[in-house]
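Undergrad: I have a structure I would like to understand better, so I am pasting it below and will then ask my questions one at a time.
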Amino acid sequence: WVREASLGAGRRARLPPGEMGWPVVGAMWSFLWSFKSGKPDAFFGSFTQRFGRTGIYRAFMFSSPTILIANPEGCKRVLTDDDSFVEGWPKATVTLMGKHSFVNLPYEEHKRLRKLTAAPINGFDALTTYLGYIDRTVVSALCRWSEAGEVEFLTELRKMTFKIIVQIFMSAADDATMLALERSYTDLNYGIRAMAIDLPGFAFHKALKARKKLVSVLQGVLNERRAAAAAKEFSTSSKDMMDRLIEVEDENGRRLNNEEIIDILIMYLNAGHESSGHITMWATLFLQENPEIFAKAKAEQEEILRSIPPTQKGLDLRDFRKMKYLSQVIDETLRFVNISFVSFREATKDVSVNGYLVPKGWKVQLWSRSVHMDPEVYPEPKKFSPSRWEDYLPKPGTFLAFGLGTKLCPGNDLAKLEISVFLHHFLLGYK
Ligand code: HEM
């Protein structure tokens with residue numbers, strides 16, 4: 001009531017339907033309960049049931065009055081309007097990713113660092129450079145697991161995708177560094193969407209400790225790099241992302257300090273392995289569970305293998321771009337699993353979205369999960385059906401697996417390539 005009353009009667013009347021829930025916790029219990037109890041759609045579904053299919057509601061979450069949006073037009077409007085909306089992630093996310101990471105940067109600084117870091121990850125040339133390493137890492141992982149008897153699939157996949165992203169960002173990381181980083185990321189991730197309660201027993205408390213470890217490991221690597229640069233011990237091999245971040249200057253000649261570089265690395269290394277590992281796992285399971293889809297995907301891989309000239313060693317990037325059906329399997333997995341189920345923003349001014357008021361200073365949550373599960377957008381949404389993507393170009397705002405606008409995931413093509421390489425080998429040689 002306190003939050004809403006301060007808006008005044010005129011603005012209050014234009015708010016979307018909804019309720020602010022319990023004092024202090026707002027809708028957090030019901031949000032956490034629905035995910036913890038394996039019913040992730042129950043939370044948003046309860047708003048639709050109680051307040052109608054407006055696709056835009058008000059609630060109190062993560063200690064802030066919040067507008068929840070789950071319709072394609074509303075999501076597109078917010079994600080593409082950088083004047084009216086800035087990042088609005090919960091306190092736990094910003095603290096754990098770091099105040100200099102992309103979840104908290106001013107517009108111009110974000111633009112500059114994004115340009116510097118996105119180009120060397122995506123695009124034809126960059127991906128061609130990484131393909132060989134990805135292929136070798138996948139093949140050796142599959143061989144190792146098949147000899148190991150029983151392995152924990154997701155854990156191993158996360159190790160595999162982590163190895164790839166570490167190679168891209170800090171090429172020379174040794175095994176001990178890699179292991180130390182990877183263990184800490186597991187704890188860090190439990191705290192990222194949690195409430196920021198720094199008391200023993202809470203996920204955020206454990207995650208803060210993990211962040212400290214990550215900072216200390218990355219600080220060590222960074223110190224070594226700077227020392228080597230000072231001693232002019234330049235490596236003759238090509239620059240990795242850490243080198244680029246050390247060398248970049250803004251228009252005034254200012255370079256990034258250690259704190260800034262570490263926050264950017266913590267964010268990229270995390271974003272660059274968690275989701276890819278999960279999506280690879282789910283895509284593999286869906287293929288295994290659906291023999292017809294498996295057979296069709298396998299036939300496509302065999303066809304592509306047959307089409308490569310005998311002089312060509314292995315598949316190149318063009319061959320991966322020919323994998324139409326496999327790409328549909330991956331898109332359907334992204335839609336169906338919704339690993340990045342919600343994005344967070346904050347309104348910098350009063351804005352009208354879908355005819356309702358989003359008040360200045362309020363948080364905005366964009367529920368891509370609910371857009372992907374809306375039967376009016378995707379008929380029979382709970383059916384895993386790769387063929388729904390055949391000759392289908394999603395309208396803007398209807399497929400948000402990688403986001404939209406200036407924050408669109410810079411690793412989208414890299415992620416799809418990693419998943420495709422894995423599924424290629426899995427389909428042809430394993431079950
Ligand atoms: C299947 C795998 C992946 C999924 C589903 C995914 C999903 C997303 C989504 C939805 C966003 C937008 C968040 C927003 O709007 O606020 C995002 C941003 C981001 N992703 Fe990914 N991502 C994946 C893989 C990757 C990889 C491989 C990398 C690194 C190379 C990466 C790095 C990032 C970064 C740095 C951002 C922040 C971009 C910015 O703020 O400008 N992601 N990702």
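Chain lettering (A, B, ...) mirrors the order of the structure tokens, residue numbering begins at 1 for each chain separately, and ligand numbering begins at 1 in order of display.
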Can you tell me which residues come within 7 Å of ligand 1 when counting only C-alpha atoms and all ligand atoms, ideally as a PyMOL selection string?

TA: chain A and resi 79+102-103+110+114+121+165+267-269+271-273+275-276+279+334+339-340+343-344+400-404+406-412+414-416

Undergrad: Export N, CA and C atoms of the chosen residues as a compact mmCIF listing (two decimals), in the first residue's frame?

TA:
# COMPACT_ATOMS: atom_id res chain seq x y z
N LEU A 79 12.64 -4.61 -24.08
CA LEU A 79 14.01 -5.01 -24.42
C LEU A 79 14.65 -4.14 -25.49
N PHE A 102 28.34 -6.74 -16.84
CA PHE A 102 27.31 -6.16 -17.72
C PHE A 102 25.95 -6.02 -17.05
N VAL A 103 25.75 -6.68 -15.90
CA VAL A 103 24.44 -6.55 -15.26
C VAL A 103 24.27 -5.20 -14.57
N HIS A 110 28.77 0.00 -21.26
CA HIS A 110 28.32 -1.32 -21.71
C HIS A 110 28.56 -1.48 -23.21
N ARG A 114 31.04 -4.21 -24.61
CA ARG A 114 30.31 -5.24 -25.33
C ARG A 114 30.90 -5.41 -26.73
N ILE A 121 33.96 -13.38 -30.09
CA ILE A 121 33.30 -14.64 -29.72
C ILE A 121 32.42 -15.14 -30.85
N ILE A 165 35.06 -22.41 -22.73
CA ILE A 165 34.99 -20.96 -22.51
C ILE A 165 36.28 -20.45 -21.85
N MET A 267 31.62 -12.79 -15.06
CA MET A 267 30.33 -12.85 -15.76
C MET A 267 30.42 -13.73 -17.01
N TYR A 268 31.43 -13.49 -17.84
CA TYR A 268 31.52 -14.22 -19.11
C TYR A 268 31.76 -15.72 -18.89
N LEU A 269 32.66 -16.04 -17.95
CA LEU A 269 32.95 -17.46 -17.74
C LEU A 269 31.70 -18.18 -17.24
N ALA A 271 28.32 -17.09 -17.71
CA ALA A 271 27.30 -17.12 -18.77
C ALA A 271 27.73 -18.07 -19.88
N GLY A 272 29.03 -18.21 -20.07
CA GLY A 272 29.53 -18.99 -21.21
C GLY A 272 29.56 -20.48 -21.00
N HIS A 273 29.20 -21.00 -19.82
CA HIS A 273 29.21 -22.47 -19.72
C HIS A 273 27.95 -23.06 -19.11
N SER A 275 24.54 -22.27 -19.17
CA SER A 275 23.37 -22.52 -20.02
C SER A 275 23.70 -23.52 -21.12
N SER A 276 24.88 -23.39 -21.72
CA SER A 276 25.23 -24.31 -22.82
C SER A 276 25.26 -25.75 -22.30
N ILE A 279 21.59 -26.94 -21.75
CA ILE A 279 20.84 -27.16 -22.99
C ILE A 279 21.37 -28.39 -23.73
N LEU A 334 15.70 -25.03 -26.56
CA LEU A 334 15.81 -23.71 -25.90
C LEU A 334 14.43 -23.19 -25.50
N ILE A 339 16.08 -22.14 -20.04
CA ILE A 339 17.07 -22.08 -18.97
C ILE A 339 17.24 -20.63 -18.46
N SER A 340 17.19 -19.64 -19.35
CA SER A 340 17.18 -18.23 -18.90
C SER A 340 15.73 -17.78 -18.92
N SER A 343 14.30 -12.06 -17.58
CA SER A 343 15.33 -11.00 -17.58
C SER A 343 14.81 -9.84 -16.72
N PHE A 344 15.74 -9.06 -16.18
CA PHE A 344 15.37 -8.00 -15.23
C PHE A 344 15.76 -6.62 -15.77
N LEU A 400 12.63 -15.74 -27.18
CA LEU A 400 13.53 -14.89 -26.38
C LEU A 400 14.62 -15.70 -25.68
N ALA A 401 14.93 -16.89 -26.22
CA ALA A 401 15.91 -17.76 -25.54
C ALA A 401 17.24 -17.05 -25.33
N PHE A 402 17.61 -16.19 -26.28
CA PHE A 402 18.87 -15.45 -26.15
C PHE A 402 18.63 -13.96 -25.91
N GLY A 403 17.43 -13.59 -25.55
CA GLY A 403 17.12 -12.18 -25.29
C GLY A 403 16.85 -11.43 -26.60
N LEU A 404 16.95 -10.11 -26.53
CA LEU A 404 16.63 -9.25 -27.67
C LEU A 404 17.23 -7.87 -27.44
N THR A 406 19.91 -4.62 -27.43
CA THR A 406 21.35 -4.40 -27.22
C THR A 406 21.96 -5.38 -26.21
N LYS A 407 21.10 -6.11 -25.52
CA LYS A 407 21.61 -7.08 -24.54
C LYS A 407 21.50 -8.50 -25.08
N LEU A 408 21.17 -8.63 -26.34
CA LEU A 408 21.07 -9.97 -26.94
C LEU A 408 22.33 -10.76 -26.60
N CYS A 409 22.16 -12.03 -26.27
CA CYS A 409 23.31 -12.83 -25.83
C CYS A 409 24.44 -12.80 -26.86
N PRO A 410 25.64 -12.34 -26.47
CA PRO A 410 26.73 -12.30 -27.43
C PRO A 410 27.32 -13.68 -27.72
N GLY A 411 26.90 -14.69 -26.93
CA GLY A 411 27.46 -16.03 -27.15
C GLY A 411 26.47 -16.96 -27.84
N ASN A 412 25.41 -16.39 -28.47
CA ASN A 412 24.36 -17.26 -29.02
C ASN A 412 24.87 -18.22 -30.10
N LEU A 414 28.02 -19.12 -30.65
CA LEU A 414 29.01 -20.01 -30.04
C LEU A 414 28.30 -21.16 -29.32
N ALA A 415 27.25 -20.80 -28.55
CA ALA A 415 26.51 -21.82 -27.80
C ALA A 415 25.90 -22.84 -28.75
N LYS A 416 25.29 -22.33 -29.83
CA LYS A 416 24.64 -23.27 -30.76
C LYS A 416 25.67 -24.17 -31.45

Undergrad: Region 417-422 of chain A: which residues within 10 Å, counting only C-alpha atoms, same-chain residues fewer than 2 positions away excluded, as JSON, numbers by chain?

TA: {"A": [127, 130, 131, 134, 135, 136, 137, 138, 139, 141, 142, 157, 160, 161, 164, 276, 277, 278, 279, 280, 281, 283, 284, 315, 317, 320, 321, 323, 326, 327, 329, 330, 411, 412, 413, 414, 415, 424, 425, 426, 427]}

Undergrad: What residues in region 186-416 of chain A get the DSSP label helix (DSSP H, G or I)? Please answer as JSON, numbers by chain.

TA: {"A": [186, 187, 188, 189, 190, 191, 192, 203, 204, 205, 206, 207, 208, 209, 210, 211, 212, 213, 214, 215, 216, 217, 218, 219, 220, 221, 222, 223, 224, 225, 226, 227, 228, 229, 230, 241, 242, 243, 244, 245, 246, 247, 258, 259, 260, 261, 262, 263, 264, 265, 266, 267, 268, 269, 270, 271, 274, 275, 276, 277, 278, 279, 280, 281, 282, 283, 284, 285, 286, 287, 288, 289, 291, 292, 293, 294, 295, 296, 297, 298, 299, 300, 301, 302, 303, 304, 305, 306, 307, 317, 318, 319, 320, 321, 324, 325, 326, 327, 328, 329, 330, 331, 332, 333, 334, 335, 336, 337, 368, 369, 370, 371, 372, 386, 387, 388, 389, 405, 406, 407, 412, 413, 414, 415, 416]}

Undergrad: Take the residues from that selection and write them out as a compact mmCIF listing (two decimals), in the first residue's frame, keeping C-alpha atoms.

TA:
# COMPACT_ATOMS: atom_id res chain seq x y z
CA THR A 186 28.70 -24.34 -8.83
CA ASP A 187 28.23 -22.60 -5.45
CA LEU A 188 28.02 -19.16 -7.03
CA ASN A 189 25.10 -20.19 -9.22
CA TYR A 190 22.94 -21.37 -6.35
CA GLY A 191 22.98 -17.82 -4.99
CA ILE A 192 22.42 -15.82 -8.17
CA ALA A 203 22.53 -19.85 -0.63
CA PHE A 204 23.66 -16.23 -1.00
CA HIS A 205 26.12 -16.58 1.92
CA LYS A 206 27.78 -19.63 0.33
CA ALA A 207 27.79 -17.92 -3.05
CA LEU A 208 29.59 -14.88 -1.63
CA LYS A 209 32.37 -17.14 -0.38
CA ALA A 210 32.55 -18.73 -3.84
CA ARG A 211 32.86 -15.29 -5.42
CA LYS A 212 35.79 -14.47 -3.12
CA LYS A 213 37.57 -17.63 -4.29
CA LEU A 214 36.90 -16.80 -7.94
CA VAL A 215 38.26 -13.29 -7.47
CA SER A 216 41.40 -14.62 -5.84
CA VAL A 217 42.08 -17.23 -8.57
CA LEU A 218 41.47 -14.71 -11.38
CA GLN A 219 43.54 -12.09 -9.60
CA GLY A 220 46.45 -14.55 -9.56
CA VAL A 221 46.16 -15.21 -13.30
CA LEU A 222 45.84 -11.50 -14.03
CA ASN A 223 48.93 -10.67 -11.95
CA GLU A 224 50.94 -13.24 -13.91
CA ARG A 225 49.73 -11.78 -17.21
CA ARG A 226 50.58 -8.24 -16.21
CA ALA A 227 54.01 -9.34 -14.95
CA ALA A 228 54.69 -11.16 -18.22
CA ALA A 229 53.58 -8.09 -20.21
CA ALA A 230 55.85 -5.84 -18.12
CA MET A 241 40.06 -12.20 -24.21
CA MET A 242 42.06 -11.48 -21.07
CA ASP A 243 44.79 -9.82 -23.18
CA ARG A 244 42.19 -7.72 -24.97
CA LEU A 245 40.69 -6.55 -21.69
CA ILE A 246 44.13 -5.65 -20.32
CA GLU A 247 45.05 -3.63 -23.40
CA ASN A 258 41.93 -5.36 -12.15
CA GLU A 259 38.56 -5.11 -10.43
CA GLU A 260 36.79 -4.29 -13.71
CA ILE A 261 38.54 -7.04 -15.68
CA ILE A 262 37.78 -9.63 -13.00
CA ASP A 263 34.06 -8.75 -12.90
CA ILE A 264 33.81 -9.04 -16.69
CA LEU A 265 35.61 -12.39 -16.61
CA ILE A 266 33.45 -13.74 -13.77
CA MET A 267 30.33 -12.85 -15.76
CA TYR A 268 31.52 -14.22 -19.11
CA LEU A 269 32.95 -17.46 -17.74
CA ASN A 270 29.67 -18.10 -15.96
CA ALA A 271 27.30 -17.12 -18.77
CA GLU A 274 26.16 -22.91 -17.48
CA SER A 275 23.37 -22.52 -20.02
CA SER A 276 25.23 -24.31 -22.82
CA GLY A 277 25.87 -27.29 -20.51
CA HIS A 278 22.22 -27.53 -19.48
CA ILE A 279 20.84 -27.16 -22.99
CA THR A 280 23.25 -29.81 -24.32
CA MET A 281 22.03 -32.18 -21.61
CA TRP A 282 18.35 -31.59 -22.35
CA ALA A 283 18.76 -31.81 -26.12
CA THR A 284 20.56 -35.16 -25.70
CA LEU A 285 17.81 -36.47 -23.42
CA PHE A 286 15.01 -35.34 -25.73
CA LEU A 287 16.71 -37.01 -28.69
CA GLN A 288 17.16 -40.21 -26.70
CA GLU A 289 13.54 -40.15 -25.52
CA PRO A 291 13.38 -42.33 -31.35
CA GLU A 292 11.75 -40.77 -34.45
CA ILE A 293 13.39 -37.42 -33.85
CA PHE A 294 16.68 -39.19 -33.09
CA ALA A 295 16.52 -41.14 -36.37
CA LYS A 296 15.71 -38.03 -38.42
CA ALA A 297 18.53 -36.04 -36.81
CA LYS A 298 20.98 -38.92 -37.29
CA ALA A 299 20.02 -39.30 -40.96
CA GLU A 300 20.79 -35.61 -41.50
CA GLN A 301 24.24 -36.02 -39.92
CA GLU A 302 25.01 -39.07 -42.07
CA GLU A 303 23.90 -37.17 -45.18
CA ILE A 304 26.20 -34.24 -44.33
CA LEU A 305 29.13 -36.58 -43.66
CA ARG A 306 28.58 -38.21 -47.07
CA SER A 307 28.54 -34.81 -48.78
CA LEU A 317 31.58 -24.30 -40.10
CA ARG A 318 29.68 -24.37 -43.40
CA ASP A 319 28.76 -28.01 -42.76
CA PHE A 320 27.35 -27.07 -39.38
CA ARG A 321 25.27 -24.35 -41.00
CA LYS A 324 18.74 -27.54 -40.56
CA TYR A 325 17.00 -30.23 -38.56
CA LEU A 326 19.58 -30.27 -35.77
CA SER A 327 19.16 -26.51 -35.48
CA GLN A 328 15.40 -27.05 -35.08
CA VAL A 329 16.07 -29.60 -32.32
CA ILE A 330 18.24 -27.05 -30.50
CA ASP A 331 15.74 -24.18 -30.92
CA GLU A 332 12.95 -26.38 -29.63
CA THR A 333 15.10 -27.38 -26.64
CA LEU A 334 15.81 -23.71 -25.90
CA ARG A 335 12.09 -22.91 -26.08
CA PHE A 336 11.01 -25.94 -24.09
CA VAL A 337 13.61 -25.85 -21.31
CA SER A 368 10.36 -15.34 -21.66
CA ARG A 369 9.48 -18.71 -20.14
CA SER A 370 5.77 -17.82 -20.15
CA VAL A 371 5.93 -16.44 -23.72
CA HIS A 372 7.48 -19.74 -24.87
CA PRO A 386 11.37 -29.60 -33.47
CA SER A 387 9.35 -29.56 -36.69
CA ARG A 388 7.36 -26.52 -35.46
CA TRP A 389 10.49 -24.56 -36.48
CA GLY A 405 18.00 -5.78 -28.38
CA THR A 406 21.35 -4.40 -27.22
CA LYS A 407 21.61 -7.08 -24.54
CA ASN A 412 24.36 -17.26 -29.02
CA ASP A 413 26.16 -18.60 -32.10
CA LEU A 414 29.01 -20.01 -30.04
CA ALA A 415 26.51 -21.82 -27.80
CA LYS A 416 24.64 -23.27 -30.76

Undergrad: Point out the residue among A:Lys395, A:Lys76, A:Arg345, A:Lys239 with the least atom-to-atom distance to Asn104 (chain A), counting only C-alpha atoms.

TA: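 For Asn104 (chain A), the nearest of the given residues is A:Arg345.
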
Undergrad: Just checking: using only C-alpha atoms, which residue out of A:Phe399, A:Lys115, A:Pro379, A:Ser352 ends up closest to Ile56 (chain A)?

TA: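 Closest to Ile56 (chain A) of all the choices is A:Ser352.
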
Undergrad: If you run DSSP over the backbone, which residues in region 118-353 of chain A end up strand (DSSP E)? Put them as JSON, numbers by chain.

TA: {"A": [343, 344, 345, 346, 347, 351, 352, 353]}

Undergrad: Would you save the residues of that selection, restricted to N, CA and C atoms, as a PDB file, in the first residue's frame?

TA:
ATOM      1  N   SER A 343      14.302 -12.059 -17.576  1.00  0.00           N
ATOM      2  CA  SER A 343      15.327 -10.998 -17.582  1.00  0.00           C
ATOM      3  C   SER A 343      14.815  -9.839 -16.725  1.00  0.00           C
ATOM      4  N   PHE A 344      15.744  -9.065 -16.184  1.00  0.00           N
ATOM      5  CA  PHE A 344      15.372  -8.001 -15.234  1.00  0.00           C
ATOM      6  C   PHE A 344      15.756  -6.620 -15.769  1.00  0.00           C
ATOM      7  N   ARG A 345      14.823  -5.695 -15.681  1.00  0.00           N
ATOM      8  CA  ARG A 345      15.098  -4.313 -16.071  1.00  0.00           C
ATOM      9  C   ARG A 345      14.511  -3.367 -15.029  1.00  0.00           C
ATOM     10  N   GLU A 346      14.791  -2.045 -15.208  1.00  0.00           N
ATOM     11  CA  GLU A 346      14.189  -1.036 -14.320  1.00  0.00           C
ATOM     12  C   GLU A 346      13.773   0.148 -15.185  1.00  0.00           C
ATOM     13  N   ALA A 347      12.587   0.710 -14.917  1.00  0.00           N
ATOM     14  CA  ALA A 347      12.110   1.845 -15.718  1.00  0.00           C
ATOM     15  C   ALA A 347      12.784   3.135 -15.256  1.00  0.00           C
ATOM     16  N   VAL A 351       6.412   4.769 -18.176  1.00  0.00           N
ATOM     17  CA  VAL A 351       6.250   4.268 -19.545  1.00  0.00           C
ATOM     18  C   VAL A 351       4.921   3.524 -19.637  1.00  0.00           C
ATOM     19  N   SER A 352       4.301   3.620 -20.799  1.00  0.00           N
ATOM     20  CA  SER A 352       3.078   2.859 -21.005  1.00  0.00           C
ATOM     21  C   SER A 352       3.413   1.611 -21.827  1.00  0.00           C
ATOM     22  N   VAL A 353       3.097   0.446 -21.259  1.00  0.00           N
ATOM     23  CA  VAL A 353       3.338  -0.823 -21.969  1.00  0.00           C
ATOM     24  C   VAL A 353       2.020  -1.587 -22.013  1.00  0.00           C
TER      25      VAL A 353
END

Undergrad: Set the distance at 7 Å and use only C-alpha atoms: which residues neighbour Cys75 (chain A) once local chain neighbours fewer than 6 positions away are removed? I'd like the list as a list in words.

TA: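 The residues that qualify are Ile69, Leu366 and Gly397 of chain A.
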
Undergrad: Go ahead and save the picked residues with N, CA and C atoms, as a short mmCIF file (atom, residue, chain, number, x, y, z; two decimals), in the first residue's frame.

TA:
data_model
loop_
_atom_site.label_atom_id
_atom_site.label_comp_id
_atom_site.auth_asym_id
_atom_site.auth_seq_id
_atom_site.Cartn_x
_atom_site.Cartn_y
_atom_site.Cartn_z
N ILE A 69 6.05 -9.06 -17.07
CA ILE A 69 5.51 -9.03 -18.44
C ILE A 69 5.75 -10.37 -19.12
N LEU A 366 10.88 -9.73 -17.38
CA LEU A 366 10.37 -10.19 -18.68
C LEU A 366 10.38 -11.72 -18.67
N GLY A 397 9.95 -10.84 -30.41
CA GLY A 397 9.38 -10.92 -29.06
C GLY A 397 8.79 -12.28 -28.73
#

Undergrad: Give me, as a list in words, all polymer residues having an atom no more than 7 Å from Tyr356 (chain A), counting only C-alpha atoms and skipping those fewer than 5 positions away in the same chain.

TA: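 My reading of the contact set: Arg14, Leu15 and Pro16 of chain A.
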
Undergrad: Quick one: write out the picked residues with N, CA and C atoms as a PDB file, in the first residue's frame?

TA:
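Final output, again.pdb:
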ATOM      1  N   ARG A  14      -3.746   3.403 -13.461  1.00  0.00           N
ATOM      2  CA  ARG A  14      -3.226   2.870 -14.747  1.00  0.00           C
ATOM      3  C   ARG A  14      -2.281   1.677 -14.566  1.00  0.00           C
ATOM      4  N   LEU A  15      -2.083   1.256 -13.280  1.00  0.00           N
ATOM      5  CA  LEU A  15      -1.201   0.100 -13.051  1.00  0.00           C
ATOM      6  C   LEU A  15      -1.842  -1.170 -13.622  1.00  0.00           C
ATOM      7  N   PRO A  16      -1.042  -2.141 -14.026  1.00  0.00           N
ATOM      8  CA  PRO A  16      -1.646  -3.414 -14.464  1.00  0.00           C
ATOM      9  C   PRO A  16      -2.241  -4.146 -13.274  1.00  0.00           C
TER      10      PRO A  16
END

Undergrad: Using only C-alpha atoms, find each residue in region 146-170 of chain A having at least one atom no more than 10 Å away from region 177-184 of chain A; report its shortest atom-to-atom pair and that distance in Å (one decimal), rows by chain then rising number, as a Markdown table.

TA:
| residue | atom | partner | partner_atom | distance |
| --- | --- | --- | --- | --- |
| A:Arg158 | CA | A:Glu182 | CA | 8.7 |
| A:Lys159 | CA | A:Glu182 | CA | 7.3 |
| A:Phe162 | CA | A:Glu182 | CA | 7.3 |
| A:Lys163 | CA | A:Met178 | CA | 7.5 |
| A:Val166 | CA | A:Met178 | CA | 7.7 |
| A:Gln167 | CA | A:Met178 | CA | 9.9 |

Undergrad: CA of Asp83 (chain A) to CA of Val364 (chain A): how many Å, to one decimal?

TA: 14.3 Å

Undergrad: I'd like the interatomic distance between CA of Arg77 (chain A) and CA of Asp350 (chain A), to a tenth of an Å.

TA: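 A separation of 13.7 Å between them.
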
Undergrad: Name the residues in contact with Gly18 (chain A) at a cut-off of 8 Å, using only C-alpha atoms, excluding same-chain residues fewer than 2 positions from it; report them as a PyMOL selection string.

TA: chain A and resi 16+20+47+51+57-59
